[in-house]
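Text of protein.txt (compact mmCIF, C-alpha atoms) as supplied:
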```txt
# COMPACT_ATOMS: atom_id res chain seq x y z
CA MET A 1 0.00 0.00 0.00
CA THR A 2 2.58 2.53 -1.04
CA LYS A 3 2.20 5.62 -3.14
CA SER A 4 3.72 3.90 -6.17
CA ASN A 5 0.53 1.87 -6.53
CA LEU A 6 -1.30 4.96 -7.68
CA PRO A 7 -1.68 5.46 -11.41
CA ALA A 8 0.28 8.40 -12.84
CA SER A 9 -2.88 9.88 -14.29
CA ILE A 10 -4.43 10.59 -10.89
CA SER A 11 -5.60 14.17 -10.60
CA LEU A 12 -3.49 16.72 -8.77
CA TRP A 13 -6.38 17.66 -6.47
CA ARG A 14 -6.80 14.11 -5.20
CA LYS A 15 -3.06 13.85 -4.60
CA ILE A 16 -3.07 17.10 -2.64
CA VAL A 17 -6.04 15.99 -0.50
CA ASP A 18 -4.32 12.69 0.16
CA LYS A 19 -1.08 14.37 1.27
CA LEU A 20 -2.95 16.94 3.31
CA MET A 21 -4.90 14.28 5.21
CA THR A 22 -1.70 12.36 5.91
CA ILE A 23 -0.18 15.49 7.37
CA LEU A 24 -3.29 16.18 9.47
CA VAL A 25 -3.27 12.64 10.82
CA VAL A 26 0.39 12.93 11.83
CA VAL A 27 -0.33 16.29 13.46
CA ALA A 28 -3.10 14.61 15.47
CA VAL A 29 -0.67 11.96 16.70
CA VAL A 30 1.88 14.59 17.71
CA LEU A 31 -0.83 16.58 19.54
CA ALA A 32 -1.94 13.45 21.38
CA VAL A 33 1.53 12.33 22.41
CA ILE A 34 2.88 15.74 23.58
CA PRO A 35 0.79 15.86 26.79
CA LEU A 36 1.80 12.31 27.65
CA ILE A 37 5.51 13.05 27.32
CA PHE A 38 4.95 16.26 29.25
CA ILE A 39 3.09 14.56 32.11
CA LEU A 40 5.34 11.52 32.36
CA GLY A 41 8.48 13.66 32.10
CA ASP A 42 7.28 16.00 34.78
CA VAL A 43 6.11 13.29 37.15
CA PHE A 44 9.31 11.27 36.77
CA ILE A 45 11.82 14.13 36.81
CA ARG A 46 10.30 16.33 39.50
CA GLY A 47 8.58 13.56 41.48
CA GLY A 48 11.15 10.82 40.97
CA SER A 49 13.92 12.81 42.62
CA ALA A 50 11.90 12.95 45.85
CA ILE A 51 11.35 9.22 46.16
CA ASN A 52 13.65 7.11 48.29
CA ILE A 53 13.28 4.17 50.68
CA GLY A 54 12.81 6.45 53.66
CA PHE A 55 9.99 8.32 51.94
CA LEU A 56 8.16 5.09 51.19
CA THR A 57 8.57 3.49 54.63
CA HIS A 58 8.02 6.34 57.10
CA LEU A 59 4.86 7.86 58.48
CA PRO A 60 4.17 11.54 57.83
CA THR A 61 5.61 13.94 60.38
CA ALA A 62 3.80 16.89 61.93
CA PRO A 63 3.48 20.01 59.76
CA ASN A 64 6.71 21.98 59.40
CA VAL A 65 8.82 19.07 60.66
CA ALA A 66 11.30 17.81 58.09
CA GLY A 67 11.37 14.18 56.96
CA GLY A 68 8.53 11.69 57.08
CA GLY A 69 6.94 9.69 54.29
CA ILE A 70 3.85 8.18 52.83
CA ALA A 71 3.86 4.67 54.30
CA ASN A 72 0.33 5.01 55.66
CA ALA A 73 -1.02 6.22 52.32
CA LEU A 74 0.64 3.33 50.46
CA VAL A 75 -0.74 0.72 52.87
CA GLY A 76 -4.14 2.41 52.73
CA SER A 77 -4.24 2.38 48.93
CA PHE A 78 -3.26 -1.27 48.70
CA THR A 79 -5.70 -2.36 51.41
CA MET A 80 -8.52 -0.51 49.74
CA VAL A 81 -7.74 -1.77 46.26
CA GLY A 82 -7.41 -5.33 47.60
CA LEU A 83 -10.78 -5.20 49.34
CA ALA A 84 -12.45 -3.67 46.30
CA ALA A 85 -10.99 -6.35 44.02
CA LEU A 86 -12.06 -9.12 46.39
CA ILE A 87 -15.67 -7.96 46.29
CA SER A 88 -15.98 -6.81 42.70
CA ILE A 89 -14.02 -9.35 40.65
CA PRO A 90 -16.34 -12.34 41.34
CA ILE A 91 -19.43 -10.27 40.58
CA GLY A 92 -17.90 -8.51 37.58
CA VAL A 93 -16.48 -11.64 35.97
CA GLY A 94 -19.68 -13.58 36.73
CA ALA A 95 -21.85 -10.94 35.10
CA GLY A 96 -19.44 -10.78 32.16
CA ILE A 97 -19.70 -14.54 31.59
CA PHE A 98 -23.47 -14.30 31.84
CA PHE A 99 -23.59 -11.49 29.25
CA SER A 100 -21.56 -13.48 26.74
CA GLU A 101 -23.03 -16.96 27.36
CA TRP A 102 -26.67 -15.89 27.59
CA ALA A 103 -26.29 -12.86 25.37
CA THR A 104 -29.80 -13.06 23.92
CA SER A 105 -31.66 -13.23 27.21
CA GLN A 106 -33.68 -10.25 28.41
CA LEU A 107 -31.65 -10.09 31.61
CA SER A 108 -28.42 -9.71 29.63
CA THR A 109 -29.73 -6.84 27.54
CA VAL A 110 -31.04 -4.89 30.51
CA SER A 111 -28.16 -5.61 32.82
CA SER A 112 -25.40 -4.90 30.31
CA PHE A 113 -27.06 -1.61 29.44
CA MET A 114 -27.11 -0.66 33.11
CA ASN A 115 -23.50 -1.75 33.35
CA ASP A 116 -22.68 0.75 30.59
CA VAL A 117 -24.45 3.47 32.53
CA LEU A 118 -22.51 2.65 35.68
CA THR A 119 -19.18 2.64 33.88
CA GLY A 120 -17.27 5.85 34.05
CA PHE A 121 -20.09 8.19 34.85
CA LEU A 122 -20.85 8.12 38.45
CA GLN A 123 -17.76 8.61 40.57
CA TRP A 124 -19.38 11.12 42.88
CA CYS A 125 -22.88 9.73 42.95
CA TRP A 126 -21.35 6.84 44.84
CA ASP A 127 -19.89 9.18 47.34
CA CYS A 128 -23.28 10.77 47.87
CA SER A 129 -25.26 7.63 48.26
CA PHE A 130 -22.87 5.81 50.56
CA SER A 131 -22.36 8.58 53.02
CA LEU A 132 -26.10 8.95 53.60
CA MET B 1 -22.60 -38.38 35.26
CA GLN B 2 -24.73 -36.65 32.68
CA PHE B 3 -27.25 -35.65 35.34
CA LYS B 4 -24.57 -34.23 37.63
CA LEU B 5 -23.10 -32.13 34.83
CA LEU B 6 -26.49 -30.69 34.02
CA ARG B 7 -27.15 -29.83 37.62
CA GLY B 8 -23.77 -28.09 37.79
CA ASP B 9 -24.75 -26.08 34.73
CA THR B 10 -27.95 -24.94 36.36
CA ILE B 11 -26.15 -23.88 39.51
CA LEU B 12 -23.61 -21.96 37.46
CA LYS B 13 -26.33 -20.24 35.49
CA ILE B 14 -28.11 -19.21 38.66
CA LEU B 15 -24.89 -17.84 40.16
CA LEU B 16 -24.03 -15.90 37.03
CA ALA B 17 -27.56 -14.58 36.65
CA ALA B 18 -27.34 -13.42 40.26
CA ALA B 19 -24.21 -11.45 39.36
CA ALA B 20 -26.03 -9.89 36.40
CA LEU B 21 -29.05 -9.11 38.60
CA PHE B 22 -26.72 -7.56 41.14
CA ILE B 23 -25.74 -4.90 38.59
CA ILE B 24 -29.38 -4.04 37.97
CA GLY B 25 -29.97 -3.92 41.72
CA LEU B 26 -27.00 -1.63 42.14
CA LEU B 27 -28.26 0.85 39.60
CA VAL B 28 -31.81 0.79 40.94
CA ALA B 29 -30.57 1.16 44.51
CA LEU B 30 -28.42 4.09 43.45
CA ALA B 31 -31.34 5.78 41.71
CA VAL B 32 -33.71 5.24 44.65
CA GLU B 33 -31.14 6.41 47.17
CA LEU B 34 -30.40 9.55 45.16
CA TYR B 35 -34.10 10.28 44.77
CA LEU B 36 -34.78 9.84 48.48
CA GLY B 37 -31.83 12.03 49.39
CA ALA B 38 -32.91 14.70 46.93
CA SER B 39 -36.64 14.60 47.76
CA ALA B 40 -36.47 17.52 50.21
CA SER B 41 -34.89 19.69 47.55
CA ILE B 42 -37.21 18.42 44.81
CA TYR B 43 -40.22 19.20 47.01
CA LYS B 44 -38.94 22.68 47.92
CA PHE B 45 -37.70 23.94 44.55
CA GLY B 46 -39.58 21.79 42.02
CA PRO B 47 -38.56 22.10 38.36
CA ALA B 48 -37.30 25.64 39.00
CA PHE B 49 -34.17 24.05 40.45
CA LEU B 50 -33.12 23.16 36.92
CA ILE B 51 -33.34 26.72 35.61
CA GLY B 52 -32.28 28.60 38.74
CA SER B 53 -29.04 30.39 38.03
CA LYS B 54 -28.12 31.49 41.56
CA TRP B 55 -26.32 29.33 44.12
CA ILE B 56 -26.32 30.99 47.55
CA PRO B 57 -26.40 28.21 50.16
CA SER B 58 -26.52 30.61 53.13
CA GLN B 59 -29.88 31.97 51.94
CA ASN B 60 -31.15 28.66 50.57
CA ILE B 61 -31.29 30.11 47.06
CA LEU B 62 -30.19 27.12 45.05
CA GLY B 63 -30.28 26.58 41.29
CA ALA B 64 -28.52 23.98 39.19
CA LEU B 65 -28.24 25.76 35.86
CA PRO B 66 -24.64 27.07 36.18
CA PHE B 67 -23.43 23.56 36.94
CA ILE B 68 -25.38 21.92 34.15
CA TYR B 69 -24.03 24.61 31.83
CA GLY B 70 -20.45 24.05 33.03
CA THR B 71 -20.67 20.30 32.54
CA LEU B 72 -22.13 20.64 29.04
CA LEU B 73 -19.72 23.39 27.95
CA THR B 74 -16.54 21.65 29.15
CA SER B 75 -17.68 18.34 27.65
CA ALA B 76 -18.44 20.08 24.36
CA ILE B 77 -14.97 21.68 24.25
CA ALA B 78 -13.43 18.31 25.08
CA ILE B 79 -15.33 16.53 22.31
CA ILE B 80 -14.71 19.23 19.69
CA ILE B 81 -10.95 19.11 20.35
CA GLY B 82 -10.57 15.49 21.38
CA LEU B 83 -12.65 13.67 18.78
CA PRO B 84 -10.74 14.75 15.62
CA ILE B 85 -7.38 14.14 17.32
CA SER B 86 -8.46 10.69 18.51
CA LEU B 87 -9.71 9.78 15.06
CA GLY B 88 -6.44 11.00 13.57
CA VAL B 89 -4.47 8.85 15.99
CA ALA B 90 -6.65 5.82 15.24
CA ILE B 91 -6.34 6.30 11.47
CA PHE B 92 -2.57 6.79 11.75
CA ILE B 93 -2.05 3.66 13.81
CA SER B 94 -4.44 1.32 12.04
CA GLU B 95 -4.19 2.60 8.43
CA LYS B 96 -0.87 4.37 7.90
CA LEU B 97 1.14 1.93 10.01
CA LYS B 98 -0.40 -1.21 8.55
CA SER B 99 2.97 -2.35 7.25
CA HIS B 100 4.83 -1.36 10.46
CA GLN B 101 2.85 -3.31 13.02
CA THR B 102 5.47 -3.15 15.80
CA PHE B 103 5.69 0.63 15.67
CA GLY B 104 1.92 0.89 15.53
CA TYR B 105 1.62 -1.41 18.54
CA LEU B 106 4.20 0.66 20.43
CA LEU B 107 2.37 3.90 19.67
CA GLY B 108 -0.94 2.31 20.64
CA THR B 109 0.55 1.27 23.98
CA ILE B 110 1.82 4.81 24.60
CA VAL B 111 -1.66 6.19 23.97
CA ASP B 112 -3.13 3.53 26.27
CA LEU B 113 -0.70 4.68 28.96
CA LEU B 114 -2.40 8.06 28.98
CA ALA B 115 -5.63 6.32 29.94
CA ALA B 116 -3.94 4.75 32.95
CA VAL B 117 -2.78 8.07 34.45
CA PRO B 118 -5.00 8.80 37.49
CA SER B 119 -7.18 11.87 37.03
CA VAL B 120 -5.78 13.66 40.07
CA ILE B 121 -2.38 13.69 38.32
CA TYR B 122 -3.97 15.35 35.30
CA GLY B 123 -5.43 17.89 37.71
CA LEU B 124 -2.10 18.56 39.38
CA TRP B 125 -0.41 18.85 36.01
CA GLY B 126 -3.23 21.15 34.91
CA ILE B 127 -2.71 23.49 37.88
CA LEU B 128 1.08 23.57 37.79
CA ILE B 129 1.83 23.50 34.08
CA LEU B 130 -1.09 23.50 31.67
CA ALA B 131 -3.09 26.41 33.14
CA PRO B 132 -0.14 28.89 33.17
CA LEU B 133 1.00 27.69 29.72
CA LEU B 134 -2.46 28.06 28.19
CA ARG B 135 -2.91 31.43 29.88
CA ASP B 136 0.33 32.88 28.51
CA TYR B 137 0.55 31.28 25.10
CA VAL B 138 -3.03 30.55 24.03
CA GLU B 139 -5.57 32.51 26.02
CA LYS B 140 -3.79 35.88 26.09
CA PRO B 141 -3.00 35.94 22.33
CA LEU B 142 -6.58 34.84 21.57
CA HIS B 143 -7.95 37.50 23.91
CA ASN B 144 -5.74 40.21 22.43
CA SER B 145 -6.43 39.41 18.80
CA LEU B 146 -10.00 38.07 18.87
CA GLY B 147 -11.25 39.68 22.09
CA PHE B 148 -14.20 41.26 20.25
CA ILE B 149 -15.79 37.81 19.97
CA PRO B 150 -17.75 37.08 23.18
CA LEU B 151 -16.07 33.66 23.43
CA PHE B 152 -12.67 35.23 24.04
CA SER B 153 -13.68 38.49 25.70
CA GLY B 154 -12.83 37.77 29.35
CA THR B 155 -9.48 38.39 31.00
CA PRO B 156 -7.73 35.02 31.05
CA TYR B 157 -6.38 33.86 34.43
CA GLY B 158 -5.83 30.24 33.44
CA PHE B 159 -8.49 28.62 35.61
CA ASN B 160 -11.57 28.58 33.44
CA PHE B 161 -13.90 26.61 31.12
CA PHE B 162 -11.27 26.57 28.39
CA THR B 163 -8.52 24.97 30.49
CA ALA B 164 -10.99 22.44 31.91
CA GLY B 165 -12.11 21.57 28.38
CA ILE B 166 -8.52 21.05 27.23
CA ILE B 167 -7.71 18.81 30.23
CA LEU B 168 -10.85 16.78 29.47
CA ALA B 169 -9.86 16.53 25.80
CA ILE B 170 -6.45 15.14 26.81
CA MET B 171 -8.17 12.67 29.11
CA ILE B 172 -10.69 11.35 26.58
CA ILE B 173 -8.23 11.05 23.67
CA PRO B 174 -6.83 7.68 24.85
CA THR B 175 -10.33 6.32 25.50
CA ILE B 176 -11.72 7.27 22.11
CA SER B 177 -8.61 6.34 20.13
CA ALA B 178 -8.07 2.97 21.84
CA VAL B 179 -11.60 1.84 20.97
CA SER B 180 -11.40 3.36 17.47
CA ILE B 181 -8.11 1.55 16.75
CA ASP B 182 -9.76 -1.78 17.58
CA VAL B 183 -12.77 -0.91 15.45
CA LEU B 184 -10.65 0.14 12.45
CA ASN B 185 -8.47 -2.95 12.78
CA ALA B 186 -11.61 -5.07 12.59
CA VAL B 187 -12.52 -3.68 9.16
CA PRO B 188 -11.86 -6.52 6.71
CA ASN B 189 -9.01 -5.93 4.27
CA SER B 190 -11.26 -6.79 1.33
CA GLN B 191 -12.98 -3.43 1.97
CA ARG B 192 -9.70 -1.61 1.45
CA GLU B 193 -8.51 -3.75 -1.43
CA ALA B 194 -11.71 -3.16 -3.37
CA MET B 195 -11.20 0.59 -3.11
CA TYR B 196 -7.52 0.39 -4.04
CA SER B 197 -8.36 -1.68 -7.09
CA LEU B 198 -10.52 1.20 -8.29
CA GLY B 199 -7.51 3.50 -8.12
CA ALA B 200 -8.36 5.32 -4.92
CA THR B 201 -5.76 7.22 -2.92
CA GLU B 202 -4.99 6.18 0.65
CA TRP B 203 -7.24 8.89 2.09
CA GLU B 204 -10.10 7.99 -0.25
CA VAL B 205 -9.85 4.40 0.93
CA THR B 206 -10.02 5.54 4.56
CA GLN B 207 -12.76 8.07 3.95
CA LYS B 208 -15.03 6.13 1.63
CA SER B 209 -14.68 2.52 2.67
CA VAL B 210 -13.01 2.16 6.09
CA LEU B 211 -14.73 4.91 8.10
CA PRO B 212 -18.27 4.19 6.84
CA TYR B 213 -17.77 0.49 7.63
CA ALA B 214 -16.59 1.34 11.15
CA ARG B 215 -19.01 4.15 11.87
CA SER B 216 -21.14 2.46 14.51
CA GLY B 217 -18.05 1.37 16.43
CA ILE B 218 -16.57 4.86 16.23
CA PHE B 219 -19.85 6.23 17.49
CA GLY B 220 -19.59 3.86 20.45
CA ALA B 221 -16.09 5.17 21.15
CA PHE B 222 -17.41 8.73 20.99
CA ILE B 223 -20.12 7.95 23.57
CA LEU B 224 -17.56 6.35 25.85
CA GLY B 225 -15.44 9.50 25.63
CA LEU B 226 -18.43 11.75 26.18
CA GLY B 227 -19.36 9.69 29.24
CA ARG B 228 -15.90 10.13 30.66
CA ALA B 229 -15.97 13.88 30.02
CA VAL B 230 -19.38 14.35 31.65
CA GLY B 231 -18.53 12.38 34.77
CA GLU B 232 -14.92 13.43 35.24
CA THR B 233 -14.48 15.18 38.55
CA MET B 234 -11.07 15.61 40.06
CA ALA B 235 -9.07 17.07 37.17
CA VAL B 236 -11.87 19.48 36.24
CA THR B 237 -12.39 20.60 39.84
CA MET B 238 -8.72 21.49 40.06
CA VAL B 239 -8.62 23.75 36.99
CA ILE B 240 -12.10 25.19 36.39
CA GLY B 241 -12.01 27.86 39.09
CA ASN B 242 -15.15 26.71 40.91
CA ILE B 243 -17.34 29.79 40.59
CA PRO B 244 -20.91 29.19 39.38
CA THR B 245 -21.14 31.19 36.15
CA ILE B 246 -23.22 31.16 33.00
CA THR B 247 -21.47 33.02 30.23
CA ALA B 248 -20.43 32.54 26.63
CA ASN B 249 -16.96 33.66 27.65
CA LEU B 250 -14.65 30.64 27.66
CA PHE B 251 -12.05 32.44 29.78
CA SER B 252 -14.37 32.81 32.74
CA PRO B 253 -14.12 30.49 35.74
CA GLY B 254 -16.99 28.04 35.99
CA TYR B 255 -18.29 25.07 37.89
CA THR B 256 -19.53 21.60 36.94
CA LEU B 257 -22.07 19.20 38.45
CA SER B 258 -19.44 16.76 39.61
CA SER B 259 -17.02 19.41 40.96
CA LEU B 260 -19.83 20.87 43.05
CA ILE B 261 -20.51 17.51 44.67
CA ALA B 262 -16.81 16.95 45.28
CA ASN B 263 -16.24 20.38 46.81
CA GLU B 264 -19.35 21.05 48.84
CA PHE B 265 -21.00 17.77 49.80
CA GLY B 266 -18.74 17.21 52.81
CA GLU B 267 -19.69 20.42 54.58
CA SER B 268 -23.37 20.54 53.66
CA SER B 269 -26.45 19.72 55.70
CA GLY B 270 -30.24 19.91 55.54
CA LEU B 271 -31.76 21.44 52.43
CA TYR B 272 -28.30 22.37 51.12
CA GLU B 273 -27.23 18.73 51.30
CA SER B 274 -30.44 17.62 49.64
CA ALA B 275 -29.86 20.10 46.80
CA ILE B 276 -26.38 18.70 46.23
CA ILE B 277 -27.81 15.19 46.10
CA GLU B 278 -30.30 16.46 43.53
CA ILE B 279 -27.29 17.70 41.54
CA GLY B 280 -26.04 14.11 41.73
CA LEU B 281 -29.43 12.89 40.52
CA ILE B 282 -29.23 15.28 37.55
CA LEU B 283 -25.77 13.97 36.67
CA PHE B 284 -27.15 10.45 36.93
CA LEU B 285 -30.04 11.28 34.60
CA VAL B 286 -27.73 12.97 32.09
CA ALA B 287 -25.62 9.80 32.05
CA LEU B 288 -28.72 7.67 31.59
CA LEU B 289 -30.03 9.89 28.77
CA ILE B 290 -26.72 9.83 26.88
CA ASN B 291 -26.66 6.04 27.09
CA VAL B 292 -30.28 5.56 26.06
CA PHE B 293 -29.83 7.98 23.16
CA ALA B 294 -26.63 6.22 22.06
CA ARG B 295 -28.30 2.80 22.21
CA LEU B 296 -31.27 3.95 20.14
CA LEU B 297 -29.02 5.56 17.55
CA LEU B 298 -26.82 2.45 17.36
CA TRP B 299 -29.87 0.26 16.87
CA ARG B 300 -31.05 2.45 14.02
CA MET B 301 -27.62 2.62 12.41
CA THR B 302 -27.01 -1.11 12.55
CA ARG B 303 -30.52 -2.31 11.87
CA GLY B 304 -30.41 -6.04 11.33
CA THR B 305 -26.69 -6.50 11.88
CA GLN B 306 -25.02 -7.61 15.08
CA VAL B 307 -22.48 -5.05 16.24
CA LYS B 308 -21.02 -5.23 19.70
CA VAL B 309 -19.54 -2.01 20.98
```

Starting from the file, lay out its structure as structure tokens.
Amino acid sequence: MTKSNLPASISLWRKIVDKLMTILVVVAVVLAVIPLIFILGDVFIRGGSAINIGFLTHLPTAPNVAGGGIANALVGSFTMVGLAALISIPIGVGAGIFFSEWATSQLSTVSSFMNDVLTGFLQWCWDCSFSL
Amino acid sequence: MQFKLLRGDTILKILLAAAALFIIGLLVALAVELYLGASASIYKFGPAFLIGSKWIPSQNILGALPFIYGTLLTSAIAIIIGLPISLGVAIFISEKLKSHQTFGYLLGTIVDLLAAVPSVIYGLWGILILAPLLRDYVEKPLHNSLGFIPLFSGTPYGFNFFTAGIILAIMIIPTISAVSIDVLNAVPNSQREAMYSLGATEWEVTQKSVLPYARSGIFGAFILGLGRAVGETMAVTMVIGNIPTITANLFSPGYTLSSLIANEFGESSGLYESAIIEIGLILFLVALLINVFARLLLWRMTRGTQVKV
């Protein structure tokens, strides 16, 4: 699928449009990748220099006291993610198998639609409804 | 033996159906809980809540319009900027790099990486780097040269609808392009070959035979991105300025439904709390509407054919 496949008689306009779209597509890729490089670079260069074993294994100190770390936050994150996975994976995988094995059933249609609604949208609705 | 196997099957089906039912129960419970929590506010303000443009909790003057407006405006900016870029990325990776699969795979992975960055990091990056950059190099020049257009008339401080829209665009690009890449890759090669054999250029092949074939899948990707933009909270809260405003001026600080809940729910009580829960209910209904609308459109577009998005 290279340019040489094109017949020589092809009109100039179509060639220009073709080239132009190729350029636009490459521009899109560049625009999409710049923020990523920016974010990763910034996080790794500015954040990476602050990380050491002490930072990861110590508790935070009182305000304005030097030193300390994020051990509690790390343990907290892992505990929370572990608990969440323990509860949600059996239900999620089970429902997934049901959707694909009994795809034509009424229950599948309704439930997978509701699953779509739940996905991505409702971060803060959860917060609301659970703290009531 | 046969009997045992069958009984096992039944048990499995019941268990799996229970998991599927659980999802329905979850959604229904969520809706009921939100409605109950919001009932005080619904009873007090009625439909006027939706068109009220003032938000003064101390005087119990509460209206949701600025937040609905903020959510819609930032999502619109995100889609207008993010959708073409995502499509470009998808076309580049699946069409232009067809003969360089490793490079395409590598690039696809890099784009996927963006989707894995937690939203609070986008927010932090937005505050520290993107907002000042946009203010100095995009918003100020636009304001100075095109300030007579209402869109660009405000004084840019960096924390506004525009910055929030850009952050959202960056966040939905990986979502939309990852799905679009899969959809474009699934287009059979015979579609392309037929076009090439007629003497079409590469772009004509993409435009006239690949994109139309993949349109329902791309639409699904678009809805997924829109969903993410509407519901996104943390990154937007950190860069939008958090002042309830309704204005055509993109450089004015604003507020969104989800940022309001994130910022104010913790310290609210009574009618104020109920109003914030009603905001949550509105967000929930917007999500539901987008999904229902997308489903209906997909069914119309793919009448008769089986397309899984």

Rank nothing, just name the residue among A:Leu12, A:Ala28, A:Ile91, A:Val17 nearest to B:Ile93, using all atoms listed in the file.
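Looking only at the distances to B:Ile93, the closest residue turns out to be A:Ala28.
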
From the set A:Ala50, A:Ala32, A:Ile39, A:Ala66, which residue has the shortest atom-to-atom contact distance to B:Thr175, counting only C-alpha atoms?
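Of all the options, A:Ala32 lies closest to B:Thr175.
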
Pick out the chain B residues within 7 Å of chain A. Count all atoms listed in the file. Give them as a ChimeraX atom specification.
/B:16-17,19-21,23-24,27,30,33-34,85,88-89,92,114,125,199,201-203,227-228,230-231,258,261-262,277,280,284,287-288,291

List as a list in words the protein and nucleic acid residues near stretch 45-62 of chain B, meaning an atom at most 9 Å away when only C-alpha atoms are counted, but skip any in the same chain fewer than 6 places from it.
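Skipping anything fewer than 6 positions along the chain leaves Ile68, Pro244, Thr245, Ile246, Ser268, Leu271, Tyr272, Ala275 and Ile282 of chain B.
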
May I have the selected residues written with C-alpha atoms, as a PDB file, in the frame of the given file?
```pdb
ATOM      1  CA  ILE B  68     -25.380  21.920  34.150  1.00  0.00           C
ATOM      2  CA  PRO B 244     -20.910  29.190  39.380  1.00  0.00           C
ATOM      3  CA  THR B 245     -21.140  31.190  36.150  1.00  0.00           C
ATOM      4  CA  ILE B 246     -23.220  31.160  33.000  1.00  0.00           C
ATOM      5  CA  SER B 268     -23.370  20.540  53.660  1.00  0.00           C
ATOM      6  CA  LEU B 271     -31.760  21.440  52.430  1.00  0.00           C
ATOM      7  CA  TYR B 272     -28.300  22.370  51.120  1.00  0.00           C
ATOM      8  CA  ALA B 275     -29.860  20.100  46.800  1.00  0.00           C
ATOM      9  CA  ILE B 282     -29.230  15.280  37.550  1.00  0.00           C
TER      10      ILE B 282
END
```

In Å, rounded to a single decimal, give me how far atom CA of A:Gly82 is from atom CA of A:His58.
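Taking atom CA of A:His58 and atom CA of A:Gly82, their separation equals 21.6 Å.
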
Please compute the atom CA of B:Ala248-atom CA of B:Arg135 distance, one decimal, in Å.
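One can read the atom CA of B:Ala248 to atom CA of B:Arg135 distance as 17.9 Å.
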
Need the axis-aligned box for stretch 37-45 of chain A with 3 Å each side, so what are the centre and edges in Å to one decimal, as JSON?
```
{"center_x": 7.5, "center_y": 13.8, "center_z": 32.2, "size_x": 14.7, "size_y": 11.0, "size_z": 15.8}
```
